[in-house]
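Chemist: Dumping the structure here so I can ask a few things about it.
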There are 2 protein chains.
Amino acid sequence: MDYRHVFATNLRRLRTEKGYSQEVLAHEAGVNRTYMSKLEKGGSFVGLEVMVRLAKVLQVEPADFLKVPARRTRKI
Amino acid sequence: MDYRHVFATNLRRLRTEKGYSQEVLAHEAGVNRTYMSKLEKGGSFVGLEVMVRLAKVLQVEPADFLKVPARRTRKI
């Protein structure tokens, strides 16, 4: 399991649930716009400091970014 | 809340619960010994890649390192 993609999936889900654009979240969390986009593509292993800043803006726990989404079982 | 200390507390607790010394865990997770000691003192913001390697050796979820321990309420 590639945790860059676990983080990317959770970041995008939480960001959109909270109604933030990538641009606004990047600005408010003090994260470079390009780096934000790279993170959401699973292109980088984020550091805890950035994770905490993003969590603070989105008002979630940093651990929420690392939760593995339950596998969707396909109904046969 | 300083998540370097949240991580440090959880890392030490999980490491000792699983019966690993800092030296053996550092070796098995491919982490520099001095860096491991610094992490357990809350002296650094760990990266997700190292967090995942440590979690794999300890057979825990990376999110377990970021759970905020419940405040111990003192009995009056």
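Just so we're on the same page: first chain in the structure tokens is A, next is B, and so on; residues restart at 1 for each chain, and ligands are numbered from 1 in the order they show up.
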Would you list which chain A residues are within 10 Å of chain B using only C-alpha atoms, as a list in words?
Modeler: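 Selected residues: Met1, Asp2, Tyr3, Arg4, Phe7, Ser44, Phe45, Val46, Gly47, Leu48, Glu49, Val50, Met51, Val52, Glu61, Pro62, Ala63, Asp64, Phe65, Leu66, Lys67 and Val68 of chain A.
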Chemist: Taking the backbone alone, and naming residues the way the document does, which bits of chain B are helix (DSSP H, G or I) by DSSP, as a VMD selection string?
Modeler: chain B and resid 3 to 17 22 to 29 33 to 40 48 to 58 62 to 66
Chemist: As an exercise, work out the distance from CA of Val57 (chain A) to CA of Gly42 (chain B) in Å and give it to one decimal place.
Modeler: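 Distance between the two atoms: 22.8 Å.
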Chemist: Distance CA of Gly43 (chain B)-CA of Gln22 (chain B), one decimal place?
Modeler: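 Here the two named atoms are 15.3 Å from each other.
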Chemist: With a distance cut-off of 12 Å and only C-alpha atoms, select the neighbouring residues of Ser21 (chain A), excluding the residue or stretch itself and same-chain residues fewer than 4 positions from it, and output the selection as a list in words.
Modeler: Leu11, Arg12, Arg13, Leu14, Arg15, Thr16, Glu17, Leu25, Ala26, His27, Glu28, Arg33, Met36, Ser37, Glu40 and Leu58 of chain A
Chemist: Rounded to one decimal place, report the CA of Val31 (chain B)-CA of Leu39 (chain A) distance in Å.
Modeler: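 Taking CA of Val31 (chain B) as the start and CA of Leu39 (chain A) as the end point, the length is 23.4 Å.
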